[in-house]
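This report concerns only the one structure given below.
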Amino acid sequence: MSDWSAQEYLKFEDERTRPPRDLLAQVPLKSPRRVVDLGCGPGNSTELLLARYPQAEVIGLDSSPDMLRQARARLPACTFVEADLASWRPAERTDLLFANAVFQWVPDHPAVLRRLLEALPAGGALAVQMPDNTDEPALALMREVAASGPWAKRLASAAAARDDLPTVANYYDLLRPLASRLDIWHTVYQHVMAGPPAVVEWFRGSALRPFLAALEENMRGGFVVEYEKRIARAYPPCFDGKVLLRFPRLFIVAVR
Ligand SMILES: C[S@@+](CC[C@H](N)C(=O)[O-])C[C@H]1O[C@@H](n2cnc3c(N)ncnc32)[C@H](O)[C@@H]1O
C-alpha cells in the first residue's frame, strides 16, 4: 500500500487529536519510565505524551516514512523509530504503550494486543483507541462505490484493508485475564465538518487511502466524485450547512 500522507492527515488535527486526549486522561500511570507511542503518525499524539510525562523517555513508532519525517520535524528532541507493530516488541522498562487509531490497520490485531500486554512489567499499561466505524455510511459507501464502478476489479481487495472490530466483550475476554485492571468504553463522537467535501477530505487522510492508492490517477477523480455524491445524500446539512460525522470509537486501558 502507498505511504500515508502527514499533510492530508493533519488537515483535521484538532478533531483527530481529541480521542488520544480522552484516552490519555484515563491512563492511571504517574511516572512511567519509558513510553512508546505506537502508530505515532505525525507526532500529534506523541506531543500529548511528552506534555503529560516530561520526565519519561518518550518514543514514537510508526511504519510510514512520511509520518516519521513530520513527527521528527515537530518534536526534534524525541526519538522516533520505523517499525511494524505486527512484529515489534517493547524493550525492558517500557511502562506505557499508547496506541491511538492504529490497531484497526494491523492484521490480527487482537493477538498483537495480547502479546504486547503480556510483554509489559507489572503496573505497566496498554492504552488503545480504535475507530469502530466500518458500518457507518462513510465507510459502507466507499465499499459500495468501489464495487459498482469501472474500477471494481482493481478495488476488489481494497475493502479488506480494514476488518470489522470484534465486540467489546471479545476484547474484555481477551485482555481481562492478563490485566490487574481493565477500563473499556465505547462512545460515539460527532465531528463537525464544514460540509460533504470535508467528509471526503477527512477520509482521504485515512480510510480512503487503500482505495485511491489502488487506482490510476485518471480513475481517482471519478471515484471521488461518485463517493462525494453519495456522502452528500447520507450526511444532510445542519441549519448552518455543517454536517455531523458520526464516529463510533472503542477505548481500552489495560494495566498489567
Ligand atoms: C491514523 S494514524 C494515527 C496517528 C496518531 N497516533 C494520532 O493519534 O492521530 C495511524 C498511523 O498508524 C501507522 N501504522 C499503520 N499500520 C502500522 C503498523 N503495522 N506498524 C506501525 N505503524 C502503523 C500509520 O503509518 C499511521 O501513521
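To be explicit about the labels: the chains of the C-alpha cells are called A, B, and onward in the order shown, and within each one the residues are counted from 1, while ligands get numbers from 1 in the order they are shown.
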List all protein, DNA and RNA residues that have any atom at most 6 Å from ligand 1, counting only C-alpha atoms and all ligand atoms, and write the list as a list in words.
Trp4, Arg16, Thr17, Pro20, Gly39, Cys40, Gly41, Asn44, Ser45, Asp62, Ser63, Ser64, Met67, Ala83, Asp84, Leu85, Ala86, Asn100, Ala101, Val102, Trp105 and Val106 of chain A
Asp173 (chain A) environment, 12 Å, only C-alpha atoms, sequence neighbours closer than 6 positions dropped, as a PyMOL selection string
chain A and resi 110+114+166-167+179+182+184
Would you return as JSON, numbers by chain the members of region 24-255 of chain A that DSSP assigns to strand (DSSP E) on this structure's backbone?
{"A": [34, 35, 36, 37, 38, 57, 58, 59, 60, 61, 62, 79, 80, 81, 82, 94, 95, 96, 97, 98, 99, 100, 125, 126, 127, 128, 129, 130, 131, 181, 182, 183, 184, 185, 186, 187, 188, 189, 190, 191, 192, 193, 243, 244, 245, 246, 247, 248, 249, 250, 251, 252, 253, 254, 255]}
Hey, what's within 10 Å of Lys229 (chain A) if we count only C-alpha atoms and toss same-chain stuff fewer than 5 positions away? As a VMD selection string, please?
chain A and resid 196 to 197 224 234
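Reported to one decimal place, the separation of CA of Leu24 (chain A) from CA of Val255 (chain A) is 13.2 Å.
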Hey, what's within 9 Å of region 186-188 of chain A if we count only C-alpha atoms and toss same-chain stuff fewer than 2 positions away? As an mmCIF file with C-alpha atoms, in the first residue's frame, please?
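Contents of out-v5.cif, as written:
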```
data_model
loop_
_atom_site.group_PDB
_atom_site.id
_atom_site.type_symbol
_atom_site.label_atom_id
_atom_site.label_comp_id
_atom_site.auth_asym_id
_atom_site.auth_seq_id
_atom_site.Cartn_x
_atom_site.Cartn_y
_atom_site.Cartn_z
ATOM 1 C CA ASP A 132 -15.330 1.286 15.178
ATOM 2 C CA VAL A 168 -16.378 -5.027 23.241
ATOM 3 C CA ILE A 184 -13.058 -0.328 28.390
ATOM 4 C CA GLN A 190 -19.847 13.751 16.348
ATOM 5 C CA ARG A 246 -20.913 10.216 13.388
ATOM 6 C CA PHE A 247 -17.832 8.330 14.555
ATOM 7 C CA PRO A 248 -18.045 5.363 16.963
ATOM 8 C CA ARG A 249 -14.798 4.662 18.792
ATOM 9 C CA LEU A 250 -13.589 1.957 21.174
ATOM 10 C CA PHE A 251 -11.201 2.726 24.049
ATOM 11 C CA ILE A 252 -9.204 0.290 26.180
#
```
Grab the CA of Ala71 (chain A) to CA of Gly221 (chain A) distance for me, in Å with one decimal place.
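Separation of CA of Ala71 (chain A) and CA of Gly221 (chain A): 29.7 Å.
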All alpha helix (DSSP H) positions in region 6-239 of chain A, as a count of residues only:
97
Distance in Å - CA of Ala213 (chain A) versus CA of Leu75 (chain A):
28.8 Å
If we count only C-alpha atoms, what is near Val36 (chain A) at a cut-off of 8 Å, once residues fewer than 4 positions away on the same chain are taken out, given as a PyMOL selection string?
chain A and resi 58-61+94+96-98
Resulting file, chosen residues, C-alpha atoms, as a short mmCIF file (atom, residue, chain, number, x, y, z; two decimals), in the first residue's frame:
```cif
data_model
loop_
_atom_site.label_atom_id
_atom_site.label_comp_id
_atom_site.auth_asym_id
_atom_site.auth_seq_id
_atom_site.Cartn_x
_atom_site.Cartn_y
_atom_site.Cartn_z
CA VAL A 58 9.03 9.08 25.07
CA ILE A 59 9.50 7.20 21.80
CA GLY A 60 7.32 7.39 18.70
CA LEU A 61 6.99 4.33 16.46
CA THR A 94 8.67 0.19 28.98
CA LEU A 96 3.25 2.58 28.79
CA LEU A 97 2.23 1.54 25.29
CA PHE A 98 -0.11 4.15 23.83
#
```
Contact residues around Ile231 (chain A) with only C-alpha atoms at 8 Å, ignoring same-chain residues under 2 positions, as a list in words
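Once the nearby chain positions are removed, what remains is Pro137, Ala138, Leu141, Pro196, Val199, Val200, Tyr227, Glu228, Lys229, Arg233, Ala234 and Tyr235 of chain A.
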Rank nothing, just name the residue among A:Asp240, A:Ala161, A:Gly205, A:Trp151 nearest to Glu217 (chain A), using only C-alpha atoms.
A:Trp151
Shell of 12 Å around Ala158 (chain A), only C-alpha atoms, local chain residues under 3 positions omitted, as a PyMOL selection string:
chain A and resi 1-2+139+142-147+151-155+161-163+207-215
When distances are computed from only C-alpha atoms, which of A:Arg115, A:Arg230, A:Arg74, A:Lys242 shows the smallest separation from Ala140 (chain A)?
A:Arg230
